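Source file target_37.pdb; content: PDB, C-alpha atoms.
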ATOM      1  CA  MET F  23     -49.368 -51.345-146.014  1.00  0.00           C
ATOM      2  CA  ASP F  24     -49.151 -50.832-149.762  1.00  0.00           C
ATOM      3  CA  PHE F  25     -49.997 -47.621-151.602  1.00  0.00           C
ATOM      4  CA  GLN F  26     -53.515 -48.666-152.601  1.00  0.00           C
ATOM      5  CA  GLU F  27     -54.315 -49.571-149.002  1.00  0.00           C
ATOM      6  CA  LEU F  28     -53.110 -46.128-147.906  1.00  0.00           C
ATOM      7  CA  LEU F  29     -55.295 -44.421-150.526  1.00  0.00           C
ATOM      8  CA  ASN F  30     -58.281 -46.479-149.369  1.00  0.00           C
ATOM      9  CA  GLU F  31     -57.621 -45.441-145.772  1.00  0.00           C
ATOM     10  CA  ILE F  32     -57.470 -41.769-146.779  1.00  0.00           C
ATOM     11  CA  LYS F  33     -60.656 -42.044-148.847  1.00  0.00           C
ATOM     12  CA  ASN F  34     -62.443 -43.605-145.879  1.00  0.00           C
ATOM     13  CA  CYS F  35     -61.102 -41.083-143.348  1.00  0.00           C
ATOM     14  CA  ARG F  36     -63.787 -39.326-141.287  1.00  0.00           C
ATOM     15  CA  ILE F  37     -61.711 -37.616-138.567  1.00  0.00           C
ATOM     16  CA  CYS F  38     -63.159 -34.193-139.468  1.00  0.00           C
ATOM     17  CA  GLU F  39     -66.807 -35.180-139.897  1.00  0.00           C
ATOM     18  CA  GLU F  40     -67.900 -33.787-136.530  1.00  0.00           C
ATOM     19  CA  LYS F  41     -65.929 -30.589-137.112  1.00  0.00           C
ATOM     20  CA  PHE F  42     -67.373 -30.049-140.605  1.00  0.00           C
ATOM     21  CA  GLY F  43     -70.978 -30.977-139.897  1.00  0.00           C
ATOM     22  CA  PHE F  44     -71.246 -32.724-143.267  1.00  0.00           C
ATOM     23  CA  THR F  45     -69.905 -35.978-144.721  1.00  0.00           C
ATOM     24  CA  PRO F  46     -66.260 -35.553-145.737  1.00  0.00           C
ATOM     25  CA  ASN F  47     -65.236 -36.560-149.243  1.00  0.00           C
ATOM     26  CA  PRO F  48     -61.440 -37.020-149.429  1.00  0.00           C
ATOM     27  CA  VAL F  49     -60.166 -36.208-152.938  1.00  0.00           C
ATOM     28  CA  ILE F  50     -56.807 -37.533-154.161  1.00  0.00           C
ATOM     29  CA  TRP F  51     -55.636 -38.364-157.664  1.00  0.00           C
ATOM     30  CA  GLY F  52     -52.557 -40.123-159.015  1.00  0.00           C
ATOM     31  CA  SER F  53     -50.266 -43.089-158.643  1.00  0.00           C
ATOM     32  CA  GLU F  54     -46.979 -44.139-157.077  1.00  0.00           C
ATOM     33  CA  SER F  55     -45.245 -43.407-160.385  1.00  0.00           C
ATOM     34  CA  SER F  56     -46.655 -39.902-160.933  1.00  0.00           C
ATOM     35  CA  LYS F  57     -43.870 -37.620-162.193  1.00  0.00           C
ATOM     36  CA  ILE F  58     -45.237 -34.480-160.525  1.00  0.00           C
ATOM     37  CA  VAL F  59     -46.681 -34.201-157.030  1.00  0.00           C
ATOM     38  CA  GLN F  60     -48.956 -31.182-156.681  1.00  0.00           C
ATOM     39  CA  ILE F  61     -50.150 -30.179-153.217  1.00  0.00           C
ATOM     40  CA  SER F  62     -52.615 -27.378-152.615  1.00  0.00           C
ATOM     41  CA  GLN F  63     -54.585 -26.204-149.586  1.00  0.00           C
ATOM     42  CA  ALA F  64     -57.929 -28.045-149.809  1.00  0.00           C
ATOM     43  CA  PRO F  65     -60.561 -29.051-152.366  1.00  0.00           C
ATOM     44  CA  SER F  66     -63.268 -26.514-153.225  1.00  0.00           C
ATOM     45  CA  LYS F  67     -67.013 -27.107-152.887  1.00  0.00           C
ATOM     46  CA  ASN F  68     -67.129 -27.956-156.634  1.00  0.00           C
ATOM     47  CA  VAL F  69     -64.362 -30.522-156.194  1.00  0.00           C
ATOM     48  CA  HIS F  70     -66.183 -31.944-153.154  1.00  0.00           C
ATOM     49  CA  ALA F  71     -69.180 -32.526-155.450  1.00  0.00           C
ATOM     50  CA  SER F  72     -67.229 -33.896-158.443  1.00  0.00           C
ATOM     51  CA  SER F  73     -64.593 -35.939-156.517  1.00  0.00           C
ATOM     52  CA  LYS F  74     -62.074 -34.798-159.141  1.00  0.00           C
ATOM     53  CA  PRO F  75     -59.407 -32.203-158.255  1.00  0.00           C
ATOM     54  CA  PHE F  76     -59.380 -28.721-159.777  1.00  0.00           C
ATOM     55  CA  THR F  77     -62.776 -28.977-161.481  1.00  0.00           C
ATOM     56  CA  ASP F  78     -63.468 -25.324-160.672  1.00  0.00           C
ATOM     57  CA  LEU F  79     -62.427 -21.792-161.691  1.00  0.00           C
ATOM     58  CA  SER F  80     -59.064 -22.198-159.930  1.00  0.00           C
ATOM     59  CA  GLY F  81     -58.490 -25.377-161.919  1.00  0.00           C
ATOM     60  CA  ASP F  82     -59.308 -23.637-165.192  1.00  0.00           C
ATOM     61  CA  THR F  83     -56.677 -20.986-164.453  1.00  0.00           C
ATOM     62  CA  LEU F  84     -54.104 -23.515-163.286  1.00  0.00           C
ATOM     63  CA  LYS F  85     -54.480 -26.046-166.114  1.00  0.00           C
ATOM     64  CA  TYR F  86     -55.307 -23.926-169.133  1.00  0.00           C
ATOM     65  CA  LYS F  87     -53.760 -20.500-168.472  1.00  0.00           C
ATOM     66  CA  TRP F  88     -50.774 -21.184-166.240  1.00  0.00           C
ATOM     67  CA  TYR F  89     -49.671 -24.720-167.210  1.00  0.00           C
ATOM     68  CA  GLN F  90     -51.241 -24.587-170.698  1.00  0.00           C
ATOM     69  CA  ILE F  91     -51.914 -28.317-170.682  1.00  0.00           C
ATOM     70  CA  THR F  92     -54.982 -30.400-171.486  1.00  0.00           C
ATOM     71  CA  ASP F  93     -57.208 -32.294-169.083  1.00  0.00           C
ATOM     72  CA  GLU F  94     -55.776 -35.482-170.575  1.00  0.00           C
ATOM     73  CA  GLU F  95     -52.279 -34.403-169.472  1.00  0.00           C
ATOM     74  CA  PHE F  96     -53.349 -33.060-166.083  1.00  0.00           C
ATOM     75  CA  TYR F  97     -55.488 -36.043-165.097  1.00  0.00           C
ATOM     76  CA  ASN F  98     -53.031 -38.605-166.453  1.00  0.00           C
ATOM     77  CA  LYS F  99     -51.995 -40.393-163.263  1.00  0.00           C
ATOM     78  CA  ASN F 100     -48.524 -40.995-164.682  1.00  0.00           C
ATOM     79  CA  ASN F 101     -48.073 -37.216-164.891  1.00  0.00           C
ATOM     80  CA  PHE F 102     -49.712 -35.792-161.741  1.00  0.00           C
ATOM     81  CA  TYR F 103     -50.351 -36.947-158.213  1.00  0.00           C
ATOM     82  CA  ILE F 104     -52.788 -34.309-156.910  1.00  0.00           C
ATOM     83  CA  SER F 105     -53.337 -33.951-153.190  1.00  0.00           C
ATOM     84  CA  SER F 106     -53.979 -31.262-150.585  1.00  0.00           C
ATOM     85  CA  LEU F 107     -53.117 -30.432-147.014  1.00  0.00           C
ATOM     86  CA  ALA F 108     -56.764 -31.201-146.313  1.00  0.00           C
ATOM     87  CA  HIS F 109     -58.110 -33.962-148.510  1.00  0.00           C
ATOM     88  CA  CYS F 110     -61.666 -32.728-147.992  1.00  0.00           C
ATOM     89  CA  TYR F 111     -63.513 -29.488-148.611  1.00  0.00           C
ATOM     90  CA  PRO F 112     -63.357 -27.795-145.176  1.00  0.00           C
ATOM     91  CA  GLY F 113     -66.538 -25.685-145.410  1.00  0.00           C
ATOM     92  CA  LYS F 114     -66.996 -21.916-145.428  1.00  0.00           C
ATOM     93  CA  ASN F 115     -65.846 -19.424-142.806  1.00  0.00           C
ATOM     94  CA  LYS F 116     -67.798 -16.379-141.570  1.00  0.00           C
ATOM     95  CA  ASN F 117     -66.215 -14.139-144.246  1.00  0.00           C
ATOM     96  CA  GLY F 118     -67.415 -16.340-147.108  1.00  0.00           C
ATOM     97  CA  GLY F 119     -64.019 -17.892-147.830  1.00  0.00           C
ATOM     98  CA  ASP F 120     -63.115 -21.520-147.251  1.00  0.00           C
ATOM     99  CA  ASN F 121     -61.966 -22.632-143.818  1.00  0.00           C
ATOM    100  CA  LEU F 122     -58.285 -23.392-143.359  1.00  0.00           C
ATOM    101  CA  PRO F 123     -57.269 -27.029-143.781  1.00  0.00           C
ATOM    102  CA  PRO F 124     -57.426 -28.872-140.442  1.00  0.00           C
ATOM    103  CA  LYS F 125     -53.917 -29.665-139.194  1.00  0.00           C
ATOM    104  CA  CYS F 126     -54.992 -33.141-138.129  1.00  0.00           C
ATOM    105  CA  CYS F 127     -55.444 -34.083-141.798  1.00  0.00           C
ATOM    106  CA  TYR F 128     -52.014 -33.201-143.121  1.00  0.00           C
ATOM    107  CA  GLN F 129     -50.290 -34.243-139.918  1.00  0.00           C
ATOM    108  CA  LYS F 130     -51.822 -37.703-140.301  1.00  0.00           C
ATOM    109  CA  TRP F 131     -51.541 -38.286-144.052  1.00  0.00           C
ATOM    110  CA  ILE F 132     -49.310 -36.099-146.206  1.00  0.00           C
ATOM    111  CA  LYS F 133     -45.869 -37.474-145.294  1.00  0.00           C
ATOM    112  CA  LYS F 134     -47.171 -41.044-145.590  1.00  0.00           C
ATOM    113  CA  GLU F 135     -48.510 -40.297-149.073  1.00  0.00           C
ATOM    114  CA  LEU F 136     -45.322 -38.661-150.269  1.00  0.00           C
ATOM    115  CA  SER F 137     -43.150 -41.513-149.015  1.00  0.00           C
ATOM    116  CA  TYR F 138     -44.679 -43.845-151.636  1.00  0.00           C
ATOM    117  CA  ILE F 139     -44.367 -41.653-154.721  1.00  0.00           C
ATOM    118  CA  ASN F 140     -41.344 -41.746-156.997  1.00  0.00           C
ATOM    119  CA  ASN F 141     -41.826 -38.247-158.413  1.00  0.00           C
ATOM    120  CA  GLU F 142     -39.379 -35.860-160.071  1.00  0.00           C
ATOM    121  CA  LEU F 143     -41.009 -32.546-159.162  1.00  0.00           C
ATOM    122  CA  TYR F 144     -43.135 -30.997-156.417  1.00  0.00           C
ATOM    123  CA  ILE F 145     -45.562 -28.158-157.044  1.00  0.00           C
ATOM    124  CA  ILE F 146     -46.845 -26.477-153.903  1.00  0.00           C
ATOM    125  CA  VAL F 147     -49.912 -24.319-154.541  1.00  0.00           C
ATOM    126  CA  GLY F 148     -50.818 -21.414-152.256  1.00  0.00           C
ATOM    127  CA  ALA F 149     -49.308 -19.603-149.285  1.00  0.00           C
ATOM    128  CA  SER F 150     -50.926 -21.901-146.699  1.00  0.00           C
ATOM    129  CA  SER F 151     -49.377 -24.961-148.325  1.00  0.00           C
ATOM    130  CA  ALA F 152     -46.002 -23.271-148.718  1.00  0.00           C
ATOM    131  CA  LYS F 153     -45.960 -22.380-145.019  1.00  0.00           C
ATOM    132  CA  VAL F 154     -46.297 -26.054-144.060  1.00  0.00           C
ATOM    133  CA  PHE F 155     -43.411 -27.199-146.269  1.00  0.00           C
ATOM    134  CA  PHE F 156     -41.191 -24.111-146.016  1.00  0.00           C
ATOM    135  CA  PRO F 157     -42.074 -22.589-142.613  1.00  0.00           C
ATOM    136  CA  ASN F 158     -39.063 -20.273-142.372  1.00  0.00           C
ATOM    137  CA  GLU F 159     -39.148 -18.692-145.828  1.00  0.00           C
ATOM    138  CA  LYS F 160     -41.042 -15.744-147.273  1.00  0.00           C
ATOM    139  CA  PHE F 161     -43.761 -16.768-149.699  1.00  0.00           C
ATOM    140  CA  GLU F 162     -42.713 -14.287-152.407  1.00  0.00           C
ATOM    141  CA  ASP F 163     -39.124 -15.580-152.272  1.00  0.00           C
ATOM    142  CA  LEU F 164     -40.343 -19.162-152.696  1.00  0.00           C
ATOM    143  CA  VAL F 165     -42.491 -18.298-155.725  1.00  0.00           C
ATOM    144  CA  PHE F 166     -39.681 -16.659-157.667  1.00  0.00           C
ATOM    145  CA  LYS F 167     -37.017 -19.359-157.269  1.00  0.00           C
ATOM    146  CA  ASP F 168     -36.619 -23.094-157.616  1.00  0.00           C
ATOM    147  CA  ASN F 169     -36.695 -24.811-154.229  1.00  0.00           C
ATOM    148  CA  ILE F 170     -35.739 -28.223-152.877  1.00  0.00           C
ATOM    149  CA  LEU F 171     -38.192 -30.440-150.993  1.00  0.00           C
ATOM    150  CA  TYR F 172     -37.212 -33.935-149.835  1.00  0.00           C
ATOM    151  CA  GLY F 173     -34.198 -33.760-152.142  1.00  0.00           C
ATOM    152  CA  LYS F 174     -36.213 -32.905-155.261  1.00  0.00           C
ATOM    153  CA  LYS F 175     -37.020 -29.724-157.185  1.00  0.00           C
ATOM    154  CA  ALA F 176     -40.027 -27.860-155.813  1.00  0.00           C
ATOM    155  CA  ILE F 177     -41.971 -25.008-157.366  1.00  0.00           C
ATOM    156  CA  VAL F 178     -44.211 -22.798-155.251  1.00  0.00           C
ATOM    157  CA  LEU F 179     -47.175 -21.069-156.882  1.00  0.00           C
ATOM    158  CA  PRO F 180     -49.679 -18.504-155.659  1.00  0.00           C
ATOM    159  CA  HIS F 181     -53.205 -19.853-155.475  1.00  0.00           C
ATOM    160  CA  PRO F 182     -54.950 -19.585-158.873  1.00  0.00           C
ATOM    161  CA  SER F 183     -58.253 -18.601-157.233  1.00  0.00           C
ATOM    162  CA  PRO F 184     -60.065 -15.550-158.636  1.00  0.00           C
ATOM    163  CA  LEU F 185     -59.924 -14.222-155.053  1.00  0.00           C
ATOM    164  CA  ASN F 186     -56.126 -13.973-155.368  1.00  0.00           C
ATOM    165  CA  ARG F 187     -56.114 -11.226-158.028  1.00  0.00           C
ATOM    166  CA  ARG F 188     -54.597  -8.666-155.663  1.00  0.00           C
ATOM    167  CA  TRP F 189     -51.433 -10.764-155.222  1.00  0.00           C
ATOM    168  CA  LEU F 190     -51.086 -11.226-158.987  1.00  0.00           C
ATOM    169  CA  ILE F 191     -51.557  -7.496-159.652  1.00  0.00           C
ATOM    170  CA  LYS F 192     -48.949  -6.682-156.999  1.00  0.00           C
ATOM    171  CA  HIS F 193     -46.475  -9.168-158.556  1.00  0.00           C
ATOM    172  CA  PRO F 194     -46.810  -8.767-162.366  1.00  0.00           C
ATOM    173  CA  GLU F 195     -43.495 -10.540-162.915  1.00  0.00           C
ATOM    174  CA  PHE F 196     -45.185 -13.811-161.949  1.00  0.00           C
ATOM    175  CA  LEU F 197     -47.401 -13.904-165.044  1.00  0.00           C
ATOM    176  CA  GLU F 198     -44.844 -12.099-167.225  1.00  0.00           C
ATOM    177  CA  LYS F 199     -41.831 -14.305-166.480  1.00  0.00           C
ATOM    178  CA  ARG F 200     -42.021 -16.880-163.702  1.00  0.00           C
ATOM    179  CA  ILE F 201     -45.017 -18.854-164.937  1.00  0.00           C
ATOM    180  CA  VAL F 202     -43.312 -19.213-168.340  1.00  0.00           C
ATOM    181  CA  GLU F 203     -40.355 -20.919-166.611  1.00  0.00           C
ATOM    182  CA  VAL F 204     -42.717 -23.086-164.552  1.00  0.00           C
ATOM    183  CA  ARG F 205     -44.691 -24.087-167.645  1.00  0.00           C
ATOM    184  CA  LYS F 206     -41.530 -25.186-169.450  1.00  0.00           C
ATOM    185  CA  CYS F 207     -40.395 -27.203-166.440  1.00  0.00           C
ATOM    186  CA  ILE F 208     -43.764 -29.005-166.196  1.00  0.00           C
ATOM    187  CA  LYS F 209     -43.849 -29.800-169.907  1.00  0.00           C
ATOM    188  CA  ASP F 210     -40.245 -31.078-169.795  1.00  0.00           C
ATOM    189  CA  VAL F 211     -41.076 -33.400-166.891  1.00  0.00           C
ATOM    190  CA  ILE F 212     -44.209 -34.693-168.618  1.00  0.00           C
ATOM    191  CA  LYS F 213     -42.242 -35.359-171.815  1.00  0.00           C
ATOM    192  CA  GLY F 214     -39.394 -37.007-169.884  1.00  0.00           C
ATOM    193  CA  GLU F 215     -36.903 -34.283-170.835  1.00  0.00           C
ATOM    194  CA  SER F 216     -36.096 -32.994-167.369  1.00  0.00           C
TER     195      SER F 216
END

Rewritten as structure tokens:
Amino acid sequence: MDFQELLNEIKNCRICEEKFGFTPNPVIWGSESSKIVQISQAPSKNVHASSKPFTDLSGDTLKYKWYQITDEEFYNKNNFYISSLAHCYPGKNKNGGDNLPPKCCYQKWIKKELSYINNELYIIVGASSAKVFFPNEKFEDLVFKDNILYGKKAIVLPHPSPLNRRWLIKHPEFLEKRIVEVRKCIKDVIKGES
């Protein structure tokens, strides 16, 4: 199977349809040659509707405030391969937040996807995602250091959701220092200076 066939399989996946109660819409973005692989928890309801990752308030924070890059840079498939543990919006839970990504999704797809991509850098977004890739490490420790995933540099970020303000207030050094280092790393990779 080549990479395009794999992407087509993912986009046609319906293993969670019964669980969700609505038609899944798998959202992935990028190419085999993307320099940066970014993996978050799951698409939002807005992303489900647009079929384009991070077209929501979290995306605005991530792209414009944290990375300080343009849409042209972020959605350039040579720069970013954007995926999630769950490729589809998982619906809302009883508390009004989004449901957790179904394990069956990332257990079936994520390692297959990553095996095709010749990236330089991983960015893992959110505590749920970090727990899958770094199960034995504390989230705060992962955020404030450079990590290694599949032999390559990996950055772990808190989720940029407006609902995550408490974490950011509790860890002011993230916005004061760490995100500046992350931003430089991303821009260096995009420019080919890493």

I'd like the contact shell of range 67-81 of chain F - 8 Å cut-off, all atoms listed in the file, skipping same-chain residues fewer than 6 positions apart - returned as a PDB file with C-alpha atoms, keeping the file's coordinate frame.
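Saved the output as out23.pdb:
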ATOM      1  CA  ASN F  47     -65.236 -36.560-149.243  1.00  0.00           C
ATOM      2  CA  PRO F  48     -61.440 -37.020-149.429  1.00  0.00           C
ATOM      3  CA  VAL F  49     -60.166 -36.208-152.938  1.00  0.00           C
ATOM      4  CA  ILE F  50     -56.807 -37.533-154.161  1.00  0.00           C
ATOM      5  CA  TRP F  51     -55.636 -38.364-157.664  1.00  0.00           C
ATOM      6  CA  ILE F 104     -52.788 -34.309-156.910  1.00  0.00           C
ATOM      7  CA  CYS F 110     -61.666 -32.728-147.992  1.00  0.00           C
ATOM      8  CA  TYR F 111     -63.513 -29.488-148.611  1.00  0.00           C
ATOM      9  CA  GLY F 113     -66.538 -25.685-145.410  1.00  0.00           C
ATOM     10  CA  HIS F 181     -53.205 -19.853-155.475  1.00  0.00           C
ATOM     11  CA  PRO F 182     -54.950 -19.585-158.873  1.00  0.00           C
ATOM     12  CA  SER F 183     -58.253 -18.601-157.233  1.00  0.00           C
ATOM     13  CA  PRO F 184     -60.065 -15.550-158.636  1.00  0.00           C
TER      14      PRO F 184
END

Once you count only C-alpha atoms, what closest atom pair and distance in Å to one decimal does each residue of range 155-176 of chain F within 10 Å of range 203-206 of chain F have, with rows by chain and rising residue number, as JSON lines?
{"residue": "F:Phe166", "atom": "CA", "partner": "F:Val204", "partner_atom": "CA", "distance": 9.9}
{"residue": "F:Lys167", "atom": "CA", "partner": "F:Val204", "partner_atom": "CA", "distance": 10.0}
{"residue": "F:Asp168", "atom": "CA", "partner": "F:Val204", "partner_atom": "CA", "distance": 9.2}

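What the PyMOL selection byres ((chain F and resi 144-159) around 6) grabs from this file is F:Ile58, F:Val59, F:Gln60, F:Ile61, F:Ser62, F:Gln63, F:Leu143, F:Lys160, F:Ala176, F:Ile177, F:Val178, F:Leu179, F:Pro180, F:His181.
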
Considering only C-alpha atoms, can you say which of F:Asn186, F:Thr92, F:Asn101, F:Asn34 comes closest to Asn141 in chain F? F:Asn101

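CA of Leu164 in chain F is positioned 25.1 Å from CA of Tyr138 in chain F.
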
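Nearest to Lys133 in chain F of all the residues F:Ser106, F:Thr83, F:Asn30, F:Thr45 is F:Ser106, counting all atoms listed in the file.
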
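The coordinates place CA of Phe96 in chain F at 23.4 Å from CA of Arg187 in chain F.
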
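Between Ser137 in chain F and the residues F:Leu28, F:Phe42, F:Gly214, F:Asn121, the shortest atom-to-atom distance, using all atoms listed in the file, involves F:Leu28.
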
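Separating CA of Ala64 in chain F from CA of Pro112 in chain F is a distance of 7.1 Å.
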
Since I can't run it myself right now, could you work out what the PyMOL selection byres ((chain F and resi 128) around 10) selects here and report it as a PyMOL selection string? chain F and resi 63+106-109+123-127+129-135+154

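Nearest residue to Leu171 in chain F, choosing from F:Leu190, F:Leu136, F:Glu215, F:Arg36 and counting all atoms listed in the file: F:Leu136.
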
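Comparing F:Ile201, F:Ile37, F:Ile139, F:Ile191 by their smallest distance to Phe102 in chain F, the closest is F:Ile139 (using only C-alpha atoms).
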
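With distances restricted to only C-alpha atoms, F:Glu142 is the closest residue to Tyr172 in chain F from F:Asn115, F:Gln90, F:Glu142, F:Gly52.
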